[in-house]
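Undergrad: Sharing my_file_33.cif below, mmCIF, N, CA and C atoms:
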data_entry
loop_
_atom_site.label_atom_id
_atom_site.label_comp_id
_atom_site.auth_asym_id
_atom_site.auth_seq_id
_atom_site.Cartn_x
_atom_site.Cartn_y
_atom_site.Cartn_z
N LEU A 1 105.21 88.84 95.51
CA LEU A 1 105.94 89.96 96.03
C LEU A 1 105.27 91.24 95.58
N ASP A 2 105.15 92.17 96.45
CA ASP A 2 104.61 93.48 96.12
C ASP A 2 105.79 94.37 95.80
N LEU A 3 105.92 94.76 94.54
CA LEU A 3 107.06 95.55 94.11
C LEU A 3 106.64 96.98 93.83
N PRO A 4 107.59 97.92 93.92
CA PRO A 4 107.26 99.31 93.60
C PRO A 4 106.89 99.43 92.12
N PRO A 5 106.19 100.51 91.75
CA PRO A 5 105.79 100.68 90.36
C PRO A 5 107.00 100.83 89.44
N GLY A 6 106.78 100.48 88.20
CA GLY A 6 107.81 100.69 87.20
C GLY A 6 108.55 99.43 86.83
N THR A 7 109.67 99.64 86.15
CA THR A 7 110.45 98.52 85.61
C THR A 7 111.92 98.70 85.96
N GLY A 8 112.20 99.01 87.19
CA GLY A 8 113.57 99.28 87.61
C GLY A 8 114.37 98.03 87.88
N ASP A 9 115.51 98.24 88.51
CA ASP A 9 116.44 97.16 88.81
C ASP A 9 115.82 96.07 89.66
N ILE A 10 114.97 96.46 90.61
CA ILE A 10 114.36 95.46 91.50
C ILE A 10 113.53 94.47 90.69
N GLN A 11 112.68 94.97 89.84
CA GLN A 11 111.82 94.11 89.04
C GLN A 11 112.62 93.22 88.11
N LEU A 12 113.61 93.79 87.44
CA LEU A 12 114.43 93.00 86.51
C LEU A 12 115.22 91.92 87.24
N THR A 13 115.80 92.27 88.37
CA THR A 13 116.56 91.29 89.14
C THR A 13 115.66 90.16 89.61
N MET A 14 114.49 90.49 90.13
CA MET A 14 113.56 89.46 90.59
C MET A 14 113.15 88.55 89.43
N ALA A 15 112.88 89.15 88.29
CA ALA A 15 112.43 88.37 87.12
C ALA A 15 113.53 87.44 86.62
N GLN A 16 114.78 87.86 86.76
CA GLN A 16 115.89 87.06 86.25
C GLN A 16 116.42 86.05 87.26
N LYS A 17 116.28 86.32 88.55
CA LYS A 17 116.91 85.48 89.57
C LYS A 17 115.99 84.48 90.24
N LEU A 18 114.69 84.76 90.25
CA LEU A 18 113.75 83.88 90.94
C LEU A 18 112.77 83.26 89.97
N PRO A 19 112.34 82.04 90.25
CA PRO A 19 111.28 81.47 89.41
C PRO A 19 109.97 82.20 89.71
N VAL A 20 109.33 82.68 88.67
CA VAL A 20 108.11 83.45 88.82
C VAL A 20 106.99 82.76 88.06
N ALA A 21 105.90 82.45 88.76
CA ALA A 21 104.77 81.76 88.12
C ALA A 21 103.93 82.71 87.29
N GLY A 22 103.94 83.98 87.62
CA GLY A 22 103.15 84.95 86.90
C GLY A 22 103.16 86.28 87.62
N ALA A 23 102.65 87.29 86.95
CA ALA A 23 102.63 88.64 87.51
C ALA A 23 101.21 89.18 87.49
N VAL A 24 100.87 89.90 88.53
CA VAL A 24 99.64 90.67 88.59
C VAL A 24 100.05 92.13 88.56
N VAL A 25 99.59 92.86 87.57
CA VAL A 25 99.96 94.26 87.42
C VAL A 25 98.86 95.11 88.05
N VAL A 26 99.27 95.97 88.97
CA VAL A 26 98.34 96.85 89.68
C VAL A 26 98.52 98.27 89.15
N THR A 27 97.42 98.92 88.87
CA THR A 27 97.44 100.28 88.35
C THR A 27 96.31 101.07 88.99
N THR A 28 96.31 102.34 88.76
CA THR A 28 95.13 103.16 89.04
C THR A 28 94.61 103.60 87.67
N PRO A 29 93.43 104.21 87.61
CA PRO A 29 92.91 104.63 86.30
C PRO A 29 93.64 105.84 85.71
N GLN A 30 94.57 106.43 86.44
CA GLN A 30 95.27 107.62 85.96
C GLN A 30 96.23 107.28 84.83
N ASP A 31 96.36 108.20 83.88
CA ASP A 31 97.22 107.99 82.72
C ASP A 31 98.66 107.67 83.10
N LEU A 32 99.22 108.37 84.08
CA LEU A 32 100.61 108.14 84.48
C LEU A 32 100.79 106.73 85.04
N SER A 33 99.86 106.29 85.85
CA SER A 33 99.93 104.93 86.39
C SER A 33 99.77 103.90 85.29
N LEU A 34 98.90 104.17 84.35
CA LEU A 34 98.70 103.25 83.23
C LEU A 34 99.96 103.13 82.37
N LEU A 35 100.70 104.23 82.21
CA LEU A 35 101.97 104.17 81.48
C LEU A 35 102.96 103.25 82.19
N ASP A 36 103.06 103.37 83.52
CA ASP A 36 103.93 102.48 84.29
C ASP A 36 103.49 101.03 84.14
N ALA A 37 102.19 100.80 84.15
CA ALA A 37 101.66 99.44 84.02
C ALA A 37 102.01 98.87 82.64
N LYS A 38 101.91 99.69 81.60
CA LYS A 38 102.27 99.23 80.26
C LYS A 38 103.75 98.85 80.19
N LYS A 39 104.60 99.66 80.83
CA LYS A 39 106.03 99.35 80.85
C LYS A 39 106.27 98.03 81.59
N ALA A 40 105.56 97.83 82.68
CA ALA A 40 105.72 96.59 83.45
C ALA A 40 105.29 95.38 82.62
N ILE A 41 104.17 95.50 81.94
CA ILE A 41 103.70 94.39 81.10
C ILE A 41 104.71 94.09 80.01
N SER A 42 105.25 95.12 79.39
CA SER A 42 106.25 94.94 78.35
C SER A 42 107.49 94.24 78.90
N MET A 43 107.94 94.63 80.09
CA MET A 43 109.09 94.00 80.70
C MET A 43 108.81 92.53 80.99
N PHE A 44 107.63 92.24 81.56
CA PHE A 44 107.29 90.85 81.85
C PHE A 44 107.25 90.01 80.58
N GLN A 45 106.76 90.58 79.51
CA GLN A 45 106.73 89.85 78.23
C GLN A 45 108.15 89.57 77.75
N LYS A 46 109.05 90.53 77.90
CA LYS A 46 110.43 90.35 77.44
C LYS A 46 111.17 89.28 78.22
N VAL A 47 110.83 89.12 79.50
CA VAL A 47 111.52 88.11 80.32
C VAL A 47 110.68 86.84 80.45
N ASP A 48 109.66 86.72 79.60
CA ASP A 48 108.84 85.52 79.49
C ASP A 48 108.11 85.16 80.80
N ILE A 49 107.53 86.19 81.43
CA ILE A 49 106.70 85.98 82.62
C ILE A 49 105.26 86.32 82.22
N SER A 50 104.37 85.38 82.44
CA SER A 50 102.96 85.58 82.09
C SER A 50 102.33 86.64 82.99
N VAL A 51 101.57 87.53 82.37
CA VAL A 51 100.77 88.48 83.13
C VAL A 51 99.43 87.82 83.39
N LEU A 52 99.14 87.55 84.65
CA LEU A 52 97.92 86.85 85.03
C LEU A 52 96.70 87.75 84.97
N GLY A 53 96.92 89.06 85.05
CA GLY A 53 95.81 89.99 84.97
C GLY A 53 96.16 91.35 85.52
N ILE A 54 95.18 92.22 85.46
CA ILE A 54 95.31 93.62 85.89
C ILE A 54 94.37 93.85 87.07
N VAL A 55 94.86 94.60 88.05
CA VAL A 55 94.03 95.07 89.15
C VAL A 55 94.03 96.59 89.08
N GLU A 56 92.84 97.16 89.06
CA GLU A 56 92.73 98.61 89.09
C GLU A 56 92.43 99.02 90.53
N ASN A 57 93.39 99.68 91.14
CA ASN A 57 93.24 100.17 92.51
C ASN A 57 92.71 101.60 92.47
N MET A 58 91.99 102.00 93.50
CA MET A 58 91.41 103.34 93.59
C MET A 58 90.54 103.65 92.36
N SER A 59 89.74 102.66 91.97
CA SER A 59 88.93 102.80 90.76
C SER A 59 87.83 103.83 90.90
N GLY A 60 87.50 104.19 92.10
CA GLY A 60 86.51 105.22 92.35
C GLY A 60 86.37 105.42 93.84
N HIS A 61 86.03 106.62 94.26
CA HIS A 61 85.81 106.90 95.68
C HIS A 61 84.35 106.62 96.01
N VAL A 62 84.14 105.79 97.03
CA VAL A 62 82.78 105.47 97.46
C VAL A 62 82.44 106.34 98.66
N CYS A 63 81.40 107.15 98.51
CA CYS A 63 80.95 108.04 99.58
C CYS A 63 80.42 107.22 100.74
N GLU A 64 80.91 107.53 101.92
CA GLU A 64 80.50 106.82 103.13
C GLU A 64 79.03 107.05 103.46
N ALA A 65 78.55 108.25 103.17
CA ALA A 65 77.18 108.61 103.54
C ALA A 65 76.13 108.01 102.61
N CYS A 66 76.38 108.09 101.30
CA CYS A 66 75.31 107.68 100.37
C CYS A 66 75.66 106.47 99.50
N GLY A 67 76.95 106.08 99.48
CA GLY A 67 77.35 104.94 98.67
C GLY A 67 77.64 105.25 97.21
N HIS A 68 77.48 106.51 96.81
CA HIS A 68 77.74 106.90 95.42
C HIS A 68 79.25 106.79 95.12
N THR A 69 79.59 106.29 93.94
CA THR A 69 80.98 106.17 93.54
C THR A 69 81.34 107.29 92.58
N THR A 70 82.43 108.00 92.90
CA THR A 70 82.94 109.08 92.06
C THR A 70 84.30 108.66 91.52
N PRO A 71 84.47 108.67 90.20
CA PRO A 71 85.76 108.27 89.62
C PRO A 71 86.78 109.40 89.70
N LEU A 72 87.40 109.57 90.86
CA LEU A 72 88.33 110.68 91.09
C LEU A 72 89.55 110.64 90.16
N PHE A 73 89.99 109.46 89.80
CA PHE A 73 91.23 109.31 89.05
C PHE A 73 91.02 108.87 87.61
N GLY A 74 89.80 108.97 87.11
CA GLY A 74 89.50 108.54 85.76
C GLY A 74 88.69 107.25 85.79
N GLN A 75 88.29 106.81 84.61
CA GLN A 75 87.45 105.62 84.51
C GLN A 75 87.98 104.64 83.47
N HIS A 76 87.81 103.39 83.76
CA HIS A 76 88.02 102.29 82.83
C HIS A 76 89.46 102.10 82.36
N GLY A 77 90.42 102.73 83.03
CA GLY A 77 91.82 102.58 82.62
C GLY A 77 92.29 101.14 82.71
N GLY A 78 92.00 100.48 83.82
CA GLY A 78 92.40 99.09 83.99
C GLY A 78 91.69 98.18 83.01
N GLU A 79 90.43 98.45 82.78
CA GLU A 79 89.64 97.66 81.83
C GLU A 79 90.21 97.76 80.42
N HIS A 80 90.53 98.98 79.99
CA HIS A 80 91.10 99.18 78.66
C HIS A 80 92.48 98.55 78.54
N LEU A 81 93.26 98.67 79.59
CA LEU A 81 94.60 98.07 79.59
C LEU A 81 94.51 96.55 79.47
N ALA A 82 93.63 95.96 80.24
CA ALA A 82 93.45 94.51 80.20
C ALA A 82 92.99 94.06 78.81
N ALA A 83 92.06 94.79 78.23
CA ALA A 83 91.58 94.44 76.88
C ALA A 83 92.69 94.57 75.85
N HIS A 84 93.48 95.62 75.96
CA HIS A 84 94.57 95.85 75.00
C HIS A 84 95.59 94.71 75.03
N TYR A 85 95.89 94.20 76.22
CA TYR A 85 96.90 93.14 76.35
C TYR A 85 96.28 91.74 76.41
N HIS A 86 94.98 91.65 76.26
CA HIS A 86 94.27 90.36 76.25
C HIS A 86 94.52 89.56 77.53
N VAL A 87 94.44 90.27 78.66
CA VAL A 87 94.55 89.62 79.96
C VAL A 87 93.30 90.00 80.76
N PRO A 88 92.95 89.21 81.77
CA PRO A 88 91.74 89.54 82.52
C PRO A 88 91.91 90.76 83.43
N LEU A 89 90.83 91.48 83.59
CA LEU A 89 90.76 92.51 84.63
C LEU A 89 90.33 91.76 85.89
N LEU A 90 91.24 91.60 86.82
CA LEU A 90 90.99 90.77 88.00
C LEU A 90 90.11 91.45 89.04
N ALA A 91 90.24 92.77 89.16
CA ALA A 91 89.44 93.49 90.15
C ALA A 91 89.53 94.98 89.91
N GLU A 92 88.49 95.66 90.34
CA GLU A 92 88.47 97.12 90.42
C GLU A 92 88.23 97.44 91.88
N ILE A 93 89.29 97.78 92.58
CA ILE A 93 89.22 98.02 94.02
C ILE A 93 88.92 99.50 94.26
N PRO A 94 87.82 99.80 94.94
CA PRO A 94 87.47 101.19 95.16
C PRO A 94 88.31 101.83 96.27
N LEU A 95 88.25 103.13 96.32
CA LEU A 95 88.85 103.89 97.41
C LEU A 95 87.74 104.12 98.43
N THR A 96 87.82 103.41 99.55
CA THR A 96 86.79 103.55 100.58
C THR A 96 87.44 103.88 101.91
N LYS A 97 86.67 104.49 102.77
CA LYS A 97 87.17 104.80 104.12
C LYS A 97 87.53 103.52 104.85
N ALA A 98 86.75 102.48 104.69
CA ALA A 98 87.01 101.22 105.38
C ALA A 98 88.36 100.65 104.97
N ILE A 99 88.64 100.60 103.68
CA ILE A 99 89.93 100.07 103.22
C ILE A 99 91.07 100.93 103.76
N CYS A 100 90.90 102.25 103.72
CA CYS A 100 91.93 103.14 104.25
C CYS A 100 92.15 102.91 105.74
N ASP A 101 91.08 102.79 106.50
CA ASP A 101 91.19 102.55 107.94
C ASP A 101 91.87 101.21 108.23
N HIS A 102 91.50 100.18 107.52
CA HIS A 102 92.11 98.86 107.73
C HIS A 102 93.60 98.90 107.41
N THR A 103 93.94 99.57 106.33
CA THR A 103 95.35 99.68 105.94
C THR A 103 96.14 100.42 107.00
N GLU A 104 95.58 101.50 107.51
CA GLU A 104 96.27 102.27 108.55
C GLU A 104 96.48 101.46 109.83
N CYS A 105 95.55 100.57 110.13
CA CYS A 105 95.67 99.71 111.32
C CYS A 105 96.58 98.52 111.08
N GLY A 106 96.93 98.28 109.83
CA GLY A 106 97.78 97.15 109.50
C GLY A 106 97.04 95.82 109.48
N VAL A 107 95.72 95.89 109.37
CA VAL A 107 94.91 94.67 109.33
C VAL A 107 94.21 94.62 107.98
N PRO A 108 94.45 93.59 107.19
CA PRO A 108 93.81 93.52 105.87
C PRO A 108 92.28 93.52 105.99
N THR A 109 91.65 94.10 105.01
CA THR A 109 90.18 94.17 104.97
C THR A 109 89.57 92.78 105.04
N VAL A 110 90.20 91.80 104.41
CA VAL A 110 89.65 90.44 104.43
C VAL A 110 89.68 89.82 105.82
N VAL A 111 90.50 90.37 106.72
CA VAL A 111 90.55 89.90 108.11
C VAL A 111 89.63 90.75 108.97
N LYS A 112 89.71 92.07 108.82
CA LYS A 112 88.96 93.01 109.64
C LYS A 112 87.46 92.95 109.37
N ALA A 113 87.09 92.83 108.10
CA ALA A 113 85.67 92.82 107.72
C ALA A 113 85.46 91.80 106.61
N PRO A 114 85.60 90.50 106.93
CA PRO A 114 85.60 89.46 105.90
C PRO A 114 84.31 89.34 105.09
N GLU A 115 83.21 89.82 105.60
CA GLU A 115 81.93 89.72 104.88
C GLU A 115 81.61 90.99 104.08
N SER A 116 82.48 91.98 104.15
CA SER A 116 82.20 93.26 103.49
C SER A 116 82.34 93.14 101.98
N LYS A 117 81.73 94.10 101.28
CA LYS A 117 81.82 94.15 99.82
C LYS A 117 83.28 94.29 99.39
N GLU A 118 84.05 95.10 100.13
CA GLU A 118 85.46 95.31 99.79
C GLU A 118 86.25 94.00 99.94
N ALA A 119 86.01 93.29 101.03
CA ALA A 119 86.73 92.02 101.25
C ALA A 119 86.40 91.02 100.15
N LEU A 120 85.16 90.98 99.75
CA LEU A 120 84.76 90.04 98.70
C LEU A 120 85.46 90.35 97.38
N GLN A 121 85.74 91.62 97.11
CA GLN A 121 86.47 91.97 95.90
C GLN A 121 87.90 91.42 95.95
N TYR A 122 88.54 91.55 97.11
CA TYR A 122 89.89 91.00 97.26
C TYR A 122 89.87 89.47 97.17
N ILE A 123 88.90 88.85 97.79
CA ILE A 123 88.79 87.38 97.78
C ILE A 123 88.56 86.88 96.36
N ASN A 124 87.64 87.53 95.64
CA ASN A 124 87.37 87.13 94.25
C ASN A 124 88.62 87.28 93.38
N MET A 125 89.37 88.37 93.61
CA MET A 125 90.60 88.57 92.85
C MET A 125 91.59 87.45 93.15
N ALA A 126 91.77 87.12 94.41
CA ALA A 126 92.71 86.05 94.79
C ALA A 126 92.27 84.71 94.21
N GLN A 127 90.99 84.46 94.21
CA GLN A 127 90.49 83.20 93.63
C GLN A 127 90.76 83.13 92.13
N ARG A 128 90.62 84.25 91.46
CA ARG A 128 90.87 84.27 90.01
C ARG A 128 92.35 84.04 89.71
N VAL A 129 93.23 84.62 90.53
CA VAL A 129 94.66 84.40 90.36
C VAL A 129 95.00 82.93 90.63
N ALA A 130 94.46 82.39 91.72
CA ALA A 130 94.71 80.98 92.06
C ALA A 130 94.21 80.05 90.96
N ALA A 131 93.05 80.34 90.42
CA ALA A 131 92.50 79.51 89.34
C ALA A 131 93.40 79.58 88.11
N SER A 132 93.89 80.75 87.79
CA SER A 132 94.78 80.91 86.65
C SER A 132 96.08 80.13 86.86
N LEU A 133 96.63 80.22 88.05
CA LEU A 133 97.88 79.50 88.35
C LEU A 133 97.67 78.00 88.34
N SER A 134 96.49 77.55 88.77
CA SER A 134 96.24 76.10 88.83
C SER A 134 96.18 75.47 87.44
N LYS A 135 95.95 76.27 86.43
CA LYS A 135 95.86 75.76 85.05
C LYS A 135 97.22 75.71 84.36
N ARG A 136 98.22 76.27 85.00
CA ARG A 136 99.55 76.30 84.40
C ARG A 136 100.28 74.99 84.68
N PRO A 137 101.15 74.57 83.77
CA PRO A 137 101.92 73.35 84.02
C PRO A 137 102.85 73.53 85.21
N VAL A 138 103.06 72.46 85.93
CA VAL A 138 103.95 72.49 87.09
C VAL A 138 105.39 72.50 86.59
N ASP A 139 106.20 73.41 87.15
CA ASP A 139 107.60 73.48 86.79
C ASP A 139 108.39 72.59 87.75
N LEU A 140 108.77 71.43 87.30
CA LEU A 140 109.47 70.48 88.15
C LEU A 140 110.90 70.92 88.47
N ASN A 141 111.39 71.92 87.77
CA ASN A 141 112.74 72.41 88.01
C ASN A 141 112.78 73.56 89.02
N ILE A 142 111.64 73.89 89.61
CA ILE A 142 111.58 75.04 90.51
C ILE A 142 112.52 74.87 91.71
N HIS A 143 112.60 73.66 92.28
CA HIS A 143 113.48 73.45 93.42
C HIS A 143 114.92 73.73 93.01
N MET A 144 115.30 73.27 91.83
CA MET A 144 116.65 73.49 91.35
C MET A 144 116.92 74.98 91.18
N LYS A 145 115.96 75.71 90.63
CA LYS A 145 116.12 77.15 90.43
C LYS A 145 116.24 77.87 91.77
N LEU A 146 115.42 77.48 92.75
CA LEU A 146 115.49 78.10 94.06
C LEU A 146 116.83 77.81 94.73
N THR A 147 117.35 76.60 94.59
CA THR A 147 118.62 76.23 95.18
C THR A 147 119.76 77.04 94.54
N GLU A 148 119.69 77.25 93.24
CA GLU A 148 120.72 78.00 92.54
C GLU A 148 120.76 79.46 92.98
N THR A 149 119.61 80.03 93.35
CA THR A 149 119.57 81.45 93.72
C THR A 149 119.86 81.66 95.18
N ALA A 150 119.82 80.62 95.99
CA ALA A 150 120.03 80.77 97.43
C ALA A 150 121.49 81.02 97.77
#
How does this structure look as structure tokens?

TA:
Amino acid sequence: LDLPPGTGDIQLTMAQKLPVAGAVVVTTPQDLSLLDAKKAISMFQKVDISVLGIVENMSGHVCEACGHTTPLFGQHGGEHLAAHYHVPLLAEIPLTKAICDHTECGVPTVVKAPESKEALQYINMAQRVAASLSKRPVDLNIHMKLTETA
């Protein structure tokens, strides 16, 4: 589930009512976003949900003309956060015109341009999450938990 930033009622309710295999925390390199991410990680720890990793979104703007990356929102915030909490940095997703255009069209980059560098970053991130989940023990009570919440 893609949830809004922070640790509000939505996040707490979801964590308490639904079986959750793990959380991926998304941040930008900006200090304010990193503070929200820290709060989210703390909340997940309190409700015993594993943080599978950190994704840094808008990690840098990639110039369409020359390919140079400019860190508009700061640098290494996601990397430092991941190191601090001993979780993997799953991806650093750049801010590119292609990603913006695909988002505006409602077509994911992995569908619109599956061979692009941007799509490969999303695919690699998804593979890392899937690999992490595959190593976790199977919760045989998940059906019971889902039935109780329905």

Undergrad: Could you work out how far CA of Val20 in chain A lies from CA of Gln121 in chain A, giving the answer in Å with one decimal?

TA: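 The value is 24.3 Å.
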
Undergrad: With only C-alpha atoms as the atoms that count, which of A:Val24, A:Asp101, A:Ala113, A:Glu79 lies nearest to Arg128 in chain A?

TA: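 Of A:Val24, A:Asp101, A:Ala113, A:Glu79, the one nearest Arg128 in chain A, counting only C-alpha atoms, is A:Val24.
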
Undergrad: I'd like to know which residues of range 13-106 of chain A are strand (DSSP E or B) (by DSSP, run on the backbone); could you write them as a ChimeraX atom specification?

TA: /A:23-27,51-62,69-70,89-95

Undergrad: Take the residues just selected and output them with N, CA and C atoms as a short mmCIF file (atom, residue, chain, number, x, y, z; two decimals), keeping the file's coordinate frame.

TA:
data_model
loop_
_atom_site.label_atom_id
_atom_site.label_comp_id
_atom_site.auth_asym_id
_atom_site.auth_seq_id
_atom_site.Cartn_x
_atom_site.Cartn_y
_atom_site.Cartn_z
N ALA A 23 102.65 87.29 86.95
CA ALA A 23 102.63 88.64 87.51
C ALA A 23 101.21 89.18 87.49
N VAL A 24 100.87 89.90 88.53
CA VAL A 24 99.64 90.67 88.59
C VAL A 24 100.05 92.13 88.56
N VAL A 25 99.59 92.86 87.57
CA VAL A 25 99.96 94.26 87.42
C VAL A 25 98.86 95.11 88.05
N VAL A 26 99.27 95.97 88.97
CA VAL A 26 98.34 96.85 89.68
C VAL A 26 98.52 98.27 89.15
N THR A 27 97.42 98.92 88.87
CA THR A 27 97.44 100.28 88.35
C THR A 27 96.31 101.07 88.99
N VAL A 51 101.57 87.53 82.37
CA VAL A 51 100.77 88.48 83.13
C VAL A 51 99.43 87.82 83.39
N LEU A 52 99.14 87.55 84.65
CA LEU A 52 97.92 86.85 85.03
C LEU A 52 96.70 87.75 84.97
N GLY A 53 96.92 89.06 85.05
CA GLY A 53 95.81 89.99 84.97
C GLY A 53 96.16 91.35 85.52
N ILE A 54 95.18 92.22 85.46
CA ILE A 54 95.31 93.62 85.89
C ILE A 54 94.37 93.85 87.07
N VAL A 55 94.86 94.60 88.05
CA VAL A 55 94.03 95.07 89.15
C VAL A 55 94.03 96.59 89.08
N GLU A 56 92.84 97.16 89.06
CA GLU A 56 92.73 98.61 89.09
C GLU A 56 92.43 99.02 90.53
N ASN A 57 93.39 99.68 91.14
CA ASN A 57 93.24 100.17 92.51
C ASN A 57 92.71 101.60 92.47
N MET A 58 91.99 102.00 93.50
CA MET A 58 91.41 103.34 93.59
C MET A 58 90.54 103.65 92.36
N SER A 59 89.74 102.66 91.97
CA SER A 59 88.93 102.80 90.76
C SER A 59 87.83 103.83 90.90
N GLY A 60 87.50 104.19 92.10
CA GLY A 60 86.51 105.22 92.35
C GLY A 60 86.37 105.42 93.84
N HIS A 61 86.03 106.62 94.26
CA HIS A 61 85.81 106.90 95.68
C HIS A 61 84.35 106.62 96.01
N VAL A 62 84.14 105.79 97.03
CA VAL A 62 82.78 105.47 97.46
C VAL A 62 82.44 106.34 98.66
N THR A 69 79.59 106.29 93.94
CA THR A 69 80.98 106.17 93.54
C THR A 69 81.34 107.29 92.58
N THR A 70 82.43 108.00 92.90
CA THR A 70 82.94 109.08 92.06
C THR A 70 84.30 108.66 91.52
N LEU A 89 90.83 91.48 83.59
CA LEU A 89 90.76 92.51 84.63
C LEU A 89 90.33 91.76 85.89
N LEU A 90 91.24 91.60 86.82
CA LEU A 90 90.99 90.77 88.00
C LEU A 90 90.11 91.45 89.04
N ALA A 91 90.24 92.77 89.16
CA ALA A 91 89.44 93.49 90.15
C ALA A 91 89.53 94.98 89.91
N GLU A 92 88.49 95.66 90.34
CA GLU A 92 88.47 97.12 90.42
C GLU A 92 88.23 97.44 91.88
N ILE A 93 89.29 97.78 92.58
CA ILE A 93 89.22 98.02 94.02
C ILE A 93 88.92 99.50 94.26
N PRO A 94 87.82 99.80 94.94
CA PRO A 94 87.47 101.19 95.16
C PRO A 94 88.31 101.83 96.27
N LEU A 95 88.25 103.13 96.32
CA LEU A 95 88.85 103.89 97.41
C LEU A 95 87.74 104.12 98.43
#

Undergrad: For Ala15 in chain A, which residue out of A:Met58, A:Ile49, A:Ala91, A:Leu34 is the nearest one, using all atoms listed in the file?

TA: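 Nearest candidate to Ala15 in chain A out of A:Met58, A:Ile49, A:Ala91, A:Leu34: A:Ile49.
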
Undergrad: For Leu52 in chain A, which residue among A:Gln75, A:His84, A:Ala23, A:Leu35 is the nearest when counting only N, CA and C atoms?

TA: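 For Leu52 in chain A, the nearest of the candidates is A:Ala23.
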
Undergrad: Quick check, in Å to one decimal: how far apart do atom C of Lys17 in chain A and atom C of Val47 in chain A lie?

TA: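 Interatomic distance here is 11.4 Å.
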
Undergrad: Calculated over all atoms listed in the file, which of the candidates A:Ser42, A:Ser33, A:Thr27, A:Ser134 has the smallest distance to Asn57 in chain A?

TA: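 Using all atoms listed in the file, the shortest distance to Asn57 in chain A belongs to A:Thr27.
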
Undergrad: The PyMOL selection byres (((chain A and resi 43 and name CA) around 12) and name CA) on the file shown: which residues, as an NGL selection string?

TA: :A and (6-9 or 11-16 or 23 or 25 or 36-42 or 44-51)

Undergrad: Which residues match the PyMOL selection byres (((chain A and resi 94 and name CA) around 8) and name CA) in the file above, as an mmCIF file with N, CA and C atoms, in the frame of the given file?

TA:
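After the write, expr_1.cif holds the following:
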data_model
loop_
_atom_site.group_PDB
_atom_site.id
_atom_site.type_symbol
_atom_site.label_atom_id
_atom_site.label_comp_id
_atom_site.auth_asym_id
_atom_site.auth_seq_id
_atom_site.Cartn_x
_atom_site.Cartn_y
_atom_site.Cartn_z
ATOM 1 N N ASN A 57 93.390 99.680 91.140
ATOM 2 C CA ASN A 57 93.240 100.170 92.510
ATOM 3 C C ASN A 57 92.710 101.600 92.470
ATOM 4 N N MET A 58 91.990 102.000 93.500
ATOM 5 C CA MET A 58 91.410 103.340 93.590
ATOM 6 C C MET A 58 90.540 103.650 92.360
ATOM 7 N N SER A 59 89.740 102.660 91.970
ATOM 8 C CA SER A 59 88.930 102.800 90.760
ATOM 9 C C SER A 59 87.830 103.830 90.900
ATOM 10 N N GLY A 60 87.500 104.190 92.100
ATOM 11 C CA GLY A 60 86.510 105.220 92.350
ATOM 12 C C GLY A 60 86.370 105.420 93.840
ATOM 13 N N HIS A 61 86.030 106.620 94.260
ATOM 14 C CA HIS A 61 85.810 106.900 95.680
ATOM 15 C C HIS A 61 84.350 106.620 96.010
ATOM 16 N N VAL A 62 84.140 105.790 97.030
ATOM 17 C CA VAL A 62 82.780 105.470 97.460
ATOM 18 C C VAL A 62 82.440 106.340 98.660
ATOM 19 N N GLU A 92 88.490 95.660 90.340
ATOM 20 C CA GLU A 92 88.470 97.120 90.420
ATOM 21 C C GLU A 92 88.230 97.440 91.880
ATOM 22 N N ILE A 93 89.290 97.780 92.580
ATOM 23 C CA ILE A 93 89.220 98.020 94.020
ATOM 24 C C ILE A 93 88.920 99.500 94.260
ATOM 25 N N LEU A 95 88.250 103.130 96.320
ATOM 26 C CA LEU A 95 88.850 103.890 97.410
ATOM 27 C C LEU A 95 87.740 104.120 98.430
ATOM 28 N N THR A 96 87.820 103.410 99.550
ATOM 29 C CA THR A 96 86.790 103.550 100.580
ATOM 30 C C THR A 96 87.440 103.880 101.910
ATOM 31 N N GLU A 118 84.050 95.100 100.130
ATOM 32 C CA GLU A 118 85.460 95.310 99.790
ATOM 33 C C GLU A 118 86.250 94.000 99.940
#

Undergrad: Give me, as a count of residues only, the residues of range 19-85 of chain A that a backbone DSSP run labels alpha helix (DSSP H).

TA: 25

Undergrad: Within 12 Å of Lys112 in chain A, counting only C-alpha atoms, which residues show up once you throw out same-chain ones fewer than 2 positions away? Write them as a ChimeraX atom specification, please.

TA: /A:98-110,114-116,118-119

Undergrad: Check the smallest atom-to-atom distance from each of A:Leu89, A:Leu133, A:Leu120, A:Met125 to Ala21 in chain A using all atoms listed in the file, then report the winner.

TA: A:Leu133

Undergrad: Would you kindly translate the PyMOL selection byres ((chain A and resi 73) around 5) into the concrete residues it picks from this file, as a PyMOL selection string?

TA: chain A and resi 29-30+71-72+74-75

Undergrad: Please report the interatomic distance between CA of Ala130 in chain A and CA of His86 in chain A in Å with one decimal.

TA: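 Between CA of Ala130 in chain A and CA of His86 in chain A the gap works out to 18.4 Å.
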
Undergrad: Quick one: 8 Å padding each side, axis-aligned, all listed atoms of range 52-65 of chain A - centre and edge lengths in Å to one decimal, as JSON?

TA:
{"center_x": 87.6, "center_y": 97.7, "center_z": 94.1, "size_x": 39.0, "size_y": 37.8, "size_z": 34.9}

Undergrad: For Pro88 in chain A, which residue out of A:Val129, A:Leu18, A:Ile54, A:Leu32 is the nearest one, using only N, CA and C atoms?

TA: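 Checking each candidate against Pro88 in chain A, we get A:Ile54 as the closest.
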